[in-house]
>>> print(open('query.pdb').read())   # PDB, C-alpha atoms
ATOM      1  CA  LEU A   1       4.058 -16.233  24.079  1.00  0.00           C
ATOM      2  CA  GLN A   2       0.785 -17.170  25.682  1.00  0.00           C
ATOM      3  CA  TYR A   3      -2.088 -18.968  24.103  1.00  0.00           C
ATOM      4  CA  LEU A   4      -5.508 -20.089  25.065  1.00  0.00           C
ATOM      5  CA  VAL A   5      -8.001 -22.155  23.213  1.00  0.00           C
ATOM      6  CA  GLY A   6     -11.530 -21.759  24.432  1.00  0.00           C
ATOM      7  CA  TRP A   7     -13.735 -24.687  23.581  1.00  0.00           C
ATOM      8  CA  SER A   8     -17.344 -23.815  23.232  1.00  0.00           C
ATOM      9  CA  ALA A   9     -20.021 -26.192  21.994  1.00  0.00           C
ATOM     10  CA  THR A  10     -19.329 -25.550  18.313  1.00  0.00           C
ATOM     11  CA  PRO A  11     -17.706 -23.654  16.724  1.00  0.00           C
ATOM     12  CA  TYR A  12     -14.283 -23.522  18.361  1.00  0.00           C
ATOM     13  CA  ILE A  13     -12.687 -20.191  19.203  1.00  0.00           C
ATOM     14  CA  ALA A  14      -8.908 -20.181  18.984  1.00  0.00           C
ATOM     15  CA  GLU A  15      -6.906 -17.318  20.478  1.00  0.00           C
ATOM     16  CA  VAL A  16      -3.234 -16.470  20.305  1.00  0.00           C
ATOM     17  CA  SER A  17      -1.660 -13.680  22.353  1.00  0.00           C
ATOM     18  CA  TYR A  18       1.787 -12.373  21.516  1.00  0.00           C
ATOM     19  CA  THR A  19       3.923  -9.781  23.263  1.00  0.00           C
ATOM     20  CA  ASP A  20       6.536  -8.149  21.034  1.00  0.00           C
ATOM     21  CA  PRO A  21       9.856  -8.356  22.895  1.00  0.00           C
ATOM     22  CA  ALA A  22      11.194  -5.185  21.257  1.00  0.00           C
ATOM     23  CA  THR A  23       8.282  -2.858  21.972  1.00  0.00           C
ATOM     24  CA  GLY A  24       6.375  -4.712  24.674  1.00  0.00           C
ATOM     25  CA  GLU A  25       3.142  -4.296  22.694  1.00  0.00           C
ATOM     26  CA  ARG A  26       0.646  -7.089  22.983  1.00  0.00           C
ATOM     27  CA  SER A  27      -1.246  -8.481  20.013  1.00  0.00           C
ATOM     28  CA  ARG A  28      -4.172 -10.868  20.019  1.00  0.00           C
ATOM     29  CA  TRP A  29      -5.670 -12.891  17.232  1.00  0.00           C
ATOM     30  CA  TYR A  30      -8.969 -14.730  17.385  1.00  0.00           C
ATOM     31  CA  ARG A  31     -10.421 -17.133  14.925  1.00  0.00           C
ATOM     32  CA  THR A  32     -13.650 -19.118  14.940  1.00  0.00           C
ATOM     33  CA  ILE A  33     -13.259 -22.538  13.366  1.00  0.00           C
ATOM     34  CA  ASN A  34     -15.795 -25.354  13.117  1.00  0.00           C
ATOM     35  CA  ARG A  35     -13.379 -28.216  13.759  1.00  0.00           C
ATOM     36  CA  ARG A  36     -11.201 -28.699  16.818  1.00  0.00           C
ATOM     37  CA  ASP A  37      -8.213 -30.116  14.912  1.00  0.00           C
ATOM     38  CA  GLN A  38      -8.223 -27.158  12.509  1.00  0.00           C
ATOM     39  CA  ALA A  39      -8.386 -24.723  15.431  1.00  0.00           C
ATOM     40  CA  GLN A  40      -5.375 -26.411  16.984  1.00  0.00           C
ATOM     41  CA  LYS A  41      -3.465 -26.327  13.674  1.00  0.00           C
ATOM     42  CA  TRP A  42      -4.205 -22.624  13.214  1.00  0.00           C
ATOM     43  CA  ARG A  43      -3.125 -21.859  16.779  1.00  0.00           C
ATOM     44  CA  GLN A  44       0.098 -23.837  16.360  1.00  0.00           C
ATOM     45  CA  ALA A  45       0.894 -22.125  13.044  1.00  0.00           C
ATOM     46  CA  MET A  46       0.346 -18.679  14.577  1.00  0.00           C
ATOM     47  CA  MET A  47       2.517 -19.546  17.575  1.00  0.00           C
ATOM     48  CA  THR A  48       5.293 -20.775  15.280  1.00  0.00           C
ATOM     49  CA  ASP A  49       5.124 -17.608  13.178  1.00  0.00           C
ATOM     50  CA  ALA A  50       5.237 -15.473  16.316  1.00  0.00           C
ATOM     51  CA  LEU A  51       8.292 -17.285  17.652  1.00  0.00           C
ATOM     52  CA  ARG A  52      10.062 -16.880  14.304  1.00  0.00           C
ATOM     53  CA  GLY A  53       9.322 -13.167  14.377  1.00  0.00           C
ATOM     54  CA  GLU A  54       7.198 -13.286  11.233  1.00  0.00           C
ATOM     55  CA  ILE A  55       4.205 -11.649  12.902  1.00  0.00           C
ATOM     56  CA  GLN A  56       4.523  -7.907  13.108  1.00  0.00           C
ATOM     57  CA  ARG A  57       2.052  -5.646  14.779  1.00  0.00           C
ATOM     58  CA  ARG A  58       0.290  -3.472  12.243  1.00  0.00           C
ATOM     59  CA  LYS A  59       0.855   0.151  12.964  1.00  0.00           C
ATOM     60  CA  LYS A  60      -1.706   2.793  12.228  1.00  0.00           C
ATOM     61  CA  VAL A  61      -1.004   4.474   8.930  1.00  0.00           C
ATOM     62  CA  PRO A  62      -0.716   8.240   9.334  1.00  0.00           C
ATOM     63  CA  ALA A  63      -3.185  10.245   7.278  1.00  0.00           C
ATOM     64  CA  LYS A  64      -1.495  12.205   4.520  1.00  0.00           C
ATOM     65  CA  ALA A  65      -3.135  14.272   1.800  1.00  0.00           C
ATOM     66  CA  PHE A  66      -1.877  13.860  -1.765  1.00  0.00           C
ATOM     67  CA  ASP A  67      -0.950  17.574  -1.929  1.00  0.00           C
ATOM     68  CA  ASP A  68       1.252  17.349   1.158  1.00  0.00           C
ATOM     69  CA  PHE A  69       2.790  14.090   0.064  1.00  0.00           C
ATOM     70  CA  ALA A  70       3.611  15.476  -3.396  1.00  0.00           C
ATOM     71  CA  GLN A  71       5.669  18.270  -1.825  1.00  0.00           C
ATOM     72  CA  GLU A  72       7.509  15.816   0.400  1.00  0.00           C
ATOM     73  CA  TYR A  73       8.056  13.433  -2.526  1.00  0.00           C
ATOM     74  CA  LEU A  74       9.467  16.141  -4.793  1.00  0.00           C
ATOM     75  CA  LYS A  75      11.793  17.357  -2.068  1.00  0.00           C
ATOM     76  CA  ASP A  76      13.191  13.857  -1.513  1.00  0.00           C
ATOM     77  CA  TRP A  77      13.126  12.821  -5.191  1.00  0.00           C
ATOM     78  CA  GLY A  78      14.943  15.947  -6.324  1.00  0.00           C
ATOM     79  CA  LEU A  79      17.965  15.589  -4.033  1.00  0.00           C
ATOM     80  CA  GLU A  80      20.036  13.707  -6.625  1.00  0.00           C
ATOM     81  CA  ARG A  81      18.685  15.293  -9.789  1.00  0.00           C
ATOM     82  CA  ARG A  82      19.454  18.390 -11.775  1.00  0.00           C
ATOM     83  CA  PRO A  83      17.399  21.488 -10.953  1.00  0.00           C
ATOM     84  CA  SER A  84      15.953  21.591 -14.477  1.00  0.00           C
ATOM     85  CA  THR A  85      14.701  17.988 -14.122  1.00  0.00           C
ATOM     86  CA  VAL A  86      13.169  18.778 -10.741  1.00  0.00           C
ATOM     87  CA  ALA A  87      11.465  21.870 -12.176  1.00  0.00           C
ATOM     88  CA  THR A  88       9.986  19.855 -15.057  1.00  0.00           C
ATOM     89  CA  GLU A  89       8.752  17.099 -12.761  1.00  0.00           C
ATOM     90  CA  THR A  90       7.298  19.673 -10.355  1.00  0.00           C
ATOM     91  CA  ARG A  91       5.328  21.270 -13.200  1.00  0.00           C
ATOM     92  CA  ARG A  92       3.987  17.882 -14.256  1.00  0.00           C
ATOM     93  CA  ILE A  93       2.915  16.879 -10.759  1.00  0.00           C
ATOM     94  CA  GLU A  94       1.463  20.328  -9.982  1.00  0.00           C
ATOM     95  CA  GLY A  95      -0.327  20.596 -13.333  1.00  0.00           C
ATOM     96  CA  ILE A  96      -1.510  17.029 -13.908  1.00  0.00           C
ATOM     97  CA  LEU A  97      -1.714  14.931 -10.750  1.00  0.00           C
ATOM     98  CA  LYS A  98      -2.560  17.528  -8.104  1.00  0.00           C
ATOM     99  CA  PRO A  99      -5.632  18.912  -9.891  1.00  0.00           C
ATOM    100  CA  TYR A 100      -7.116  15.421 -10.037  1.00  0.00           C
ATOM    101  CA  PHE A 101      -6.072  13.894  -6.690  1.00  0.00           C
ATOM    102  CA  GLY A 102      -5.805  17.204  -4.809  1.00  0.00           C
ATOM    103  CA  SER A 103      -6.476  17.004  -1.092  1.00  0.00           C
ATOM    104  CA  LYS A 104      -7.600  13.366  -1.228  1.00  0.00           C
ATOM    105  CA  GLN A 105      -5.977  11.168   1.417  1.00  0.00           C
ATOM    106  CA  LEU A 106      -3.315   8.806   0.035  1.00  0.00           C
ATOM    107  CA  ARG A 107      -4.896   5.778   1.678  1.00  0.00           C
ATOM    108  CA  ALA A 108      -8.254   6.700   0.126  1.00  0.00           C
ATOM    109  CA  ILE A 109      -6.928   6.556  -3.451  1.00  0.00           C
ATOM    110  CA  THR A 110      -8.298   3.450  -5.142  1.00  0.00           C
ATOM    111  CA  ARG A 111      -7.514   1.636  -8.335  1.00  0.00           C
ATOM    112  CA  LYS A 112     -10.823   2.922  -9.703  1.00  0.00           C
ATOM    113  CA  ASP A 113      -9.657   6.511  -9.076  1.00  0.00           C
ATOM    114  CA  ILE A 114      -6.484   5.846 -11.037  1.00  0.00           C
ATOM    115  CA  ASP A 115      -8.359   4.148 -13.888  1.00  0.00           C
ATOM    116  CA  THR A 116     -10.737   7.115 -14.061  1.00  0.00           C
ATOM    117  CA  PHE A 117      -7.783   9.537 -14.083  1.00  0.00           C
ATOM    118  CA  LEU A 118      -6.135   7.638 -16.969  1.00  0.00           C
ATOM    119  CA  THR A 119      -9.416   7.497 -18.897  1.00  0.00           C
ATOM    120  CA  GLN A 120      -9.858  11.267 -18.519  1.00  0.00           C
ATOM    121  CA  ARG A 121      -6.305  11.858 -19.729  1.00  0.00           C
ATOM    122  CA  ARG A 122      -6.905   9.692 -22.815  1.00  0.00           C
ATOM    123  CA  ALA A 123     -10.268  11.388 -23.468  1.00  0.00           C
ATOM    124  CA  SER A 124      -8.611  14.811 -23.370  1.00  0.00           C
ATOM    125  CA  GLY A 125      -6.526  13.831 -26.402  1.00  0.00           C
ATOM    126  CA  ARG A 126      -3.263  12.826 -24.718  1.00  0.00           C
ATOM    127  CA  THR A 127      -1.167  10.241 -26.535  1.00  0.00           C
ATOM    128  CA  PRO A 128      -0.720   6.766 -25.056  1.00  0.00           C
ATOM    129  CA  ALA A 129       2.934   7.617 -24.350  1.00  0.00           C
ATOM    130  CA  THR A 130       1.970  10.691 -22.309  1.00  0.00           C
ATOM    131  CA  VAL A 131      -0.636   8.761 -20.344  1.00  0.00           C
ATOM    132  CA  ASN A 132       1.916   5.996 -19.695  1.00  0.00           C
ATOM    133  CA  ARG A 133       4.394   8.541 -18.310  1.00  0.00           C
ATOM    134  CA  ASP A 134       1.679   9.929 -16.020  1.00  0.00           C
ATOM    135  CA  LEU A 135       0.945   6.401 -14.808  1.00  0.00           C
ATOM    136  CA  CYS A 136       4.645   5.697 -14.173  1.00  0.00           C
ATOM    137  CA  ARG A 137       4.957   8.959 -12.243  1.00  0.00           C
ATOM    138  CA  LEU A 138       1.969   8.055 -10.068  1.00  0.00           C
ATOM    139  CA  LYS A 139       3.210   4.479  -9.559  1.00  0.00           C
ATOM    140  CA  ASN A 140       6.598   5.768  -8.407  1.00  0.00           C
ATOM    141  CA  MET A 141       4.987   8.250  -6.027  1.00  0.00           C
ATOM    142  CA  LEU A 142       2.759   5.568  -4.480  1.00  0.00           C
ATOM    143  CA  LYS A 143       5.727   3.195  -4.204  1.00  0.00           C
ATOM    144  CA  SER A 144       7.516   5.852  -2.169  1.00  0.00           C
ATOM    145  CA  ALA A 145       4.368   6.405  -0.087  1.00  0.00           C
ATOM    146  CA  GLN A 146       4.305   2.688   0.680  1.00  0.00           C
ATOM    147  CA  ALA A 147       7.993   2.655   1.605  1.00  0.00           C
ATOM    148  CA  TRP A 148       7.479   5.656   3.907  1.00  0.00           C
ATOM    149  CA  GLY A 149       4.496   4.028   5.621  1.00  0.00           C
ATOM    150  CA  TYR A 150       1.710   6.304   4.345  1.00  0.00           C
ATOM    151  CA  VAL A 151      -0.122   3.484   2.527  1.00  0.00           C
ATOM    152  CA  GLU A 152      -0.106  -0.257   3.085  1.00  0.00           C
ATOM    153  CA  ALA A 153      -0.075  -1.173  -0.603  1.00  0.00           C
ATOM    154  CA  ASN A 154       0.605   0.506  -3.916  1.00  0.00           C
ATOM    155  CA  VAL A 155      -2.788   0.381  -5.617  1.00  0.00           C
ATOM    156  CA  ALA A 156      -1.258   1.455  -8.945  1.00  0.00           C
ATOM    157  CA  ALA A 157       1.220  -1.425  -9.044  1.00  0.00           C
ATOM    158  CA  GLY A 158      -1.032  -3.785 -11.000  1.00  0.00           C
ATOM    159  CA  ILE A 159      -2.160  -1.304 -13.648  1.00  0.00           C
ATOM    160  CA  SER A 160      -0.677  -1.981 -17.071  1.00  0.00           C
ATOM    161  CA  GLN A 161       0.537   0.659 -19.442  1.00  0.00           C
ATOM    162  CA  ALA A 162      -1.275   1.280 -22.712  1.00  0.00           C
ATOM    163  CA  ARG A 163       0.263   0.034 -25.915  1.00  0.00           C
ATOM    164  CA  GLU A 164       2.238   2.757 -27.663  1.00  0.00           C
ATOM    165  CA  PRO A 165       2.156   2.801 -31.458  1.00  0.00           C
ATOM    166  CA  ILE A 166       5.568   2.520 -33.115  1.00  0.00           C
ATOM    167  CA  GLU A 167       6.390   5.415 -35.403  1.00  0.00           C
ATOM    168  CA  PRO A 168       8.219   4.547 -38.633  1.00  0.00           C
ATOM    169  CA  ILE A 169      11.692   6.075 -38.945  1.00  0.00           C
TER     170      ILE A 169
END
>>> encode(input="query.pdb", output="structure tokens")
Amino acid sequence: LQYLVGWSATPYIAEVSYTDPATGERSRWYRTINRRDQAQKWRQAMMTDALRGEIQRRKKVPAKAFDDFAQEYLKDWGLERRPSTVATETRRIEGILKPYFGSKQLRAITRKDIDTFLTQRRASGRTPATVNRDLCRLKNMLKSAQAWGYVEANVAAGISQAREPIEPI
């Protein structure tokens, strides 16, 4: 671990360089701070994190279209499920999610896109339960995309389901 703090007139520029022992890749972080003591604190905190192994080099996320990912997801998801369940889920993804998200890149899907999709589903007369199932399906797909390294975060994770009316028995 090497570090260098360059002191210019004001502000202070703090730099930390770190070489990953496993891969040999070098990472650098710079920060401009107005106070010398804060620059030193930041540098020391970064050095400590690096020595603990808490700093990981961010890898470039491979570009993956929703269409391609859906096929990969269904293939993996269906390994431990009955063929009839896989066929039903395939129809739902092919008929509902693919027409809307289509060839859009996974990392380009935003929360606004998902909100718009859910609004369109509600406007087309779908029940809250159906829209909730669509949301859960999309959340699960994006969770898998995050686990597989296609997206950095699941943008659907914070979206709440709609309230479903209770039917009397």
>>> atom_distance(input="query.pdb", atom1="CA of Arg26 (chain A)", atom2="CA of Gln44 (chain A)")
18.0 Å
>>> closest_residue(input="query.pdb", among="A:Thr88, A:Leu79, A:Val16, A:Phe66", to="Tyr100 (chain A)", atoms="all atoms listed in the file")
A:Phe66
>>> resolve_selection(input="query.pdb", expression="the PyMOL selection byres ((chain A and resi 131) around 10)", output="PyMOL selection string")
chain A and resi 117-122+125-130+132-137+161-162+164
>>> atom_distance(input="query.pdb", atom1="CA of Leu106 (chain A)", atom2="CA of Ala87 (chain A)")
23.2 Å
>>> residues_around(input="query.pdb", residues="Tyr150 (chain A)", least_positions_apart="2", cutoff="12 Å", atoms="all atoms listed in the file", output="number ranges by chain")
A: 59-66, 68-69, 72-73, 105-109, 141-148, 152-154
>>> closest_residue(input="query.pdb", among="A:Ile166, A:Ala45, A:Leu138, A:Val155", to="Lys112 (chain A)", atoms="all atoms listed in the file")
A:Val155
>>> closest_residue(input="query.pdb", among="A:Thr110, A:Gln38, A:Ala70, A:Gly149", to="Arg92 (chain A)", atoms="all atoms listed in the file")
A:Ala70
>>> atom_distance(input="query.pdb", atom1="CA of Thr90 (chain A)", atom2="CA of Ile159 (chain A)")
23.2 Å
>>> closest_residue(input="query.pdb", among="A:Arg81, A:Ile93, A:Thr19, A:Tyr12", to="Asn34 (chain A)", atoms="only C-alpha atoms")
A:Tyr12
>>> closest_residue(input="query.pdb", among="A:Gln71, A:Ser103, A:Ser27, A:Ser160", to="Glu89 (chain A)", atoms="all atoms listed in the file")
A:Gln71
>>> closest_residue(input="query.pdb", among="A:Leu51, A:Arg35, A:Ile13, A:Lys139", to="Arg111 (chain A)", atoms="only C-alpha atoms")
A:Lys139
>>> axis_aligned_box(input="query.pdb", around="region 143-153 of chain A", padding_each_side="6 Å", output="JSON")
{"center_x": 3.9, "center_y": 2.6, "center_z": 0.7, "size_x": 20.1, "size_y": 19.6, "size_z": 21.8}
>>> resolve_selection(input="query.pdb", expression="the PyMOL selection byres ((chain A and resi 32) around 9)", output="NGL selection string")
:A and (11-15 or 30-31 or 33-34 or 39)
>>> decode(input="query.pdb", residues="region 76-161 of chain A", atoms="C-alpha atoms", output="PDB file, in the first residue's frame")
ATOM      1  CA  ASP A  76     -31.268 -21.155 -14.784  1.00  0.00           C
ATOM      2  CA  TRP A  77     -34.543 -20.579 -12.900  1.00  0.00           C
ATOM      3  CA  GLY A  78     -36.231 -23.578 -14.485  1.00  0.00           C
ATOM      4  CA  LEU A  79     -33.606 -26.161 -13.513  1.00  0.00           C
ATOM      5  CA  GLU A  80     -35.386 -27.139 -10.283  1.00  0.00           C
ATOM      6  CA  ARG A  81     -38.980 -26.584 -11.348  1.00  0.00           C
ATOM      7  CA  ARG A  82     -41.595 -28.618 -13.124  1.00  0.00           C
ATOM      8  CA  PRO A  83     -41.823 -28.169 -16.897  1.00  0.00           C
ATOM      9  CA  SER A  84     -45.393 -26.864 -16.630  1.00  0.00           C
ATOM     10  CA  THR A  85     -44.269 -24.146 -14.174  1.00  0.00           C
ATOM     11  CA  VAL A  86     -41.393 -23.178 -16.453  1.00  0.00           C
ATOM     12  CA  ALA A  87     -43.748 -23.004 -19.443  1.00  0.00           C
ATOM     13  CA  THR A  88     -46.163 -20.738 -17.551  1.00  0.00           C
ATOM     14  CA  GLU A  89     -43.389 -18.444 -16.355  1.00  0.00           C
ATOM     15  CA  THR A  90     -41.897 -18.325 -19.859  1.00  0.00           C
ATOM     16  CA  ARG A  91     -45.254 -17.226 -21.289  1.00  0.00           C
ATOM     17  CA  ARG A  92     -45.550 -14.501 -18.665  1.00  0.00           C
ATOM     18  CA  ILE A  93     -42.053 -13.150 -19.238  1.00  0.00           C
ATOM     19  CA  GLU A  94     -42.348 -13.396 -23.040  1.00  0.00           C
ATOM     20  CA  GLY A  95     -45.832 -11.859 -23.110  1.00  0.00           C
ATOM     21  CA  ILE A  96     -45.602  -9.205 -20.398  1.00  0.00           C
ATOM     22  CA  LEU A  97     -42.055  -8.138 -19.563  1.00  0.00           C
ATOM     23  CA  LYS A  98     -40.271  -8.577 -22.893  1.00  0.00           C
ATOM     24  CA  PRO A  99     -42.679  -6.413 -24.908  1.00  0.00           C
ATOM     25  CA  TYR A 100     -42.091  -3.530 -22.510  1.00  0.00           C
ATOM     26  CA  PHE A 101     -38.370  -3.839 -21.679  1.00  0.00           C
ATOM     27  CA  GLY A 102     -37.381  -5.578 -24.929  1.00  0.00           C
ATOM     28  CA  SER A 103     -33.833  -4.947 -26.079  1.00  0.00           C
ATOM     29  CA  LYS A 104     -33.157  -2.321 -23.402  1.00  0.00           C
ATOM     30  CA  GLN A 105     -29.876  -2.839 -21.552  1.00  0.00           C
ATOM     31  CA  LEU A 106     -30.307  -4.151 -17.992  1.00  0.00           C
ATOM     32  CA  ARG A 107     -28.129  -1.415 -16.531  1.00  0.00           C
ATOM     33  CA  ALA A 108     -30.224   1.207 -18.338  1.00  0.00           C
ATOM     34  CA  ILE A 109     -33.478   0.140 -16.649  1.00  0.00           C
ATOM     35  CA  THR A 110     -34.458   2.774 -14.103  1.00  0.00           C
ATOM     36  CA  ARG A 111     -36.976   2.929 -11.320  1.00  0.00           C
ATOM     37  CA  LYS A 112     -38.982   5.342 -13.470  1.00  0.00           C
ATOM     38  CA  ASP A 113     -39.169   2.692 -16.223  1.00  0.00           C
ATOM     39  CA  ILE A 114     -40.533   0.177 -13.740  1.00  0.00           C
ATOM     40  CA  ASP A 115     -43.044   2.656 -12.298  1.00  0.00           C
ATOM     41  CA  THR A 116     -44.230   3.470 -15.822  1.00  0.00           C
ATOM     42  CA  PHE A 117     -44.545  -0.253 -16.622  1.00  0.00           C
ATOM     43  CA  LEU A 118     -46.651  -0.839 -13.479  1.00  0.00           C
ATOM     44  CA  THR A 119     -48.828   2.192 -14.237  1.00  0.00           C
ATOM     45  CA  GLN A 120     -49.477   0.906 -17.769  1.00  0.00           C
ATOM     46  CA  ARG A 121     -50.399  -2.520 -16.408  1.00  0.00           C
ATOM     47  CA  ARG A 122     -52.876  -0.971 -13.950  1.00  0.00           C
ATOM     48  CA  ALA A 123     -54.307   1.297 -16.674  1.00  0.00           C
ATOM     49  CA  SER A 124     -54.905  -1.710 -18.926  1.00  0.00           C
ATOM     50  CA  GLY A 125     -57.337  -3.094 -16.343  1.00  0.00           C
ATOM     51  CA  ARG A 126     -55.104  -5.596 -14.542  1.00  0.00           C
ATOM     52  CA  THR A 127     -55.957  -6.296 -10.914  1.00  0.00           C
ATOM     53  CA  PRO A 128     -53.599  -5.174  -8.149  1.00  0.00           C
ATOM     54  CA  ALA A 129     -52.736  -8.836  -7.502  1.00  0.00           C
ATOM     55  CA  THR A 130     -51.668  -9.371 -11.123  1.00  0.00           C
ATOM     56  CA  VAL A 131     -49.574  -6.210 -11.135  1.00  0.00           C
ATOM     57  CA  ASN A 132     -47.964  -7.277  -7.842  1.00  0.00           C
ATOM     58  CA  ARG A 133     -47.010 -10.649  -9.343  1.00  0.00           C
ATOM     59  CA  ASP A 134     -45.465  -8.871 -12.342  1.00  0.00           C
ATOM     60  CA  LEU A 135     -43.479  -6.664  -9.966  1.00  0.00           C
ATOM     61  CA  CYS A 136     -42.282  -9.675  -7.943  1.00  0.00           C
ATOM     62  CA  ARG A 137     -41.228 -11.435 -11.146  1.00  0.00           C
ATOM     63  CA  LEU A 138     -39.237  -8.391 -12.262  1.00  0.00           C
ATOM     64  CA  LYS A 139     -37.698  -7.921  -8.799  1.00  0.00           C
ATOM     65  CA  ASN A 140     -36.548 -11.546  -8.765  1.00  0.00           C
ATOM     66  CA  MET A 141     -35.074 -11.244 -12.251  1.00  0.00           C
ATOM     67  CA  LEU A 142     -33.147  -8.081 -11.339  1.00  0.00           C
ATOM     68  CA  LYS A 143     -31.949  -9.688  -8.100  1.00  0.00           C
ATOM     69  CA  SER A 144     -30.476 -12.504 -10.175  1.00  0.00           C
ATOM     70  CA  ALA A 145     -28.965  -9.963 -12.586  1.00  0.00           C
ATOM     71  CA  GLN A 146     -27.285  -8.266  -9.635  1.00  0.00           C
ATOM     72  CA  ALA A 147     -25.982 -11.569  -8.274  1.00  0.00           C
ATOM     73  CA  TRP A 148     -24.595 -12.478 -11.711  1.00  0.00           C
ATOM     74  CA  GLY A 149     -22.860  -9.110 -12.076  1.00  0.00           C
ATOM     75  CA  TYR A 150     -24.975  -7.607 -14.876  1.00  0.00           C
ATOM     76  CA  VAL A 151     -26.202  -4.684 -12.739  1.00  0.00           C
ATOM     77  CA  GLU A 152     -24.707  -3.044  -9.676  1.00  0.00           C
ATOM     78  CA  ALA A 153     -28.012  -2.606  -7.852  1.00  0.00           C
ATOM     79  CA  ASN A 154     -31.548  -3.910  -8.079  1.00  0.00           C
ATOM     80  CA  VAL A 155     -33.524  -0.789  -8.961  1.00  0.00           C
ATOM     81  CA  ALA A 156     -36.826  -2.584  -8.299  1.00  0.00           C
ATOM     82  CA  ALA A 157     -35.912  -3.521  -4.731  1.00  0.00           C
ATOM     83  CA  GLY A 158     -37.436  -0.425  -3.132  1.00  0.00           C
ATOM     84  CA  ILE A 159     -40.737  -0.476  -5.013  1.00  0.00           C
ATOM     85  CA  SER A 160     -43.689  -1.450  -2.841  1.00  0.00           C
ATOM     86  CA  GLN A 161     -46.507  -3.673  -3.925  1.00  0.00           C
TER      87      GLN A 161
END
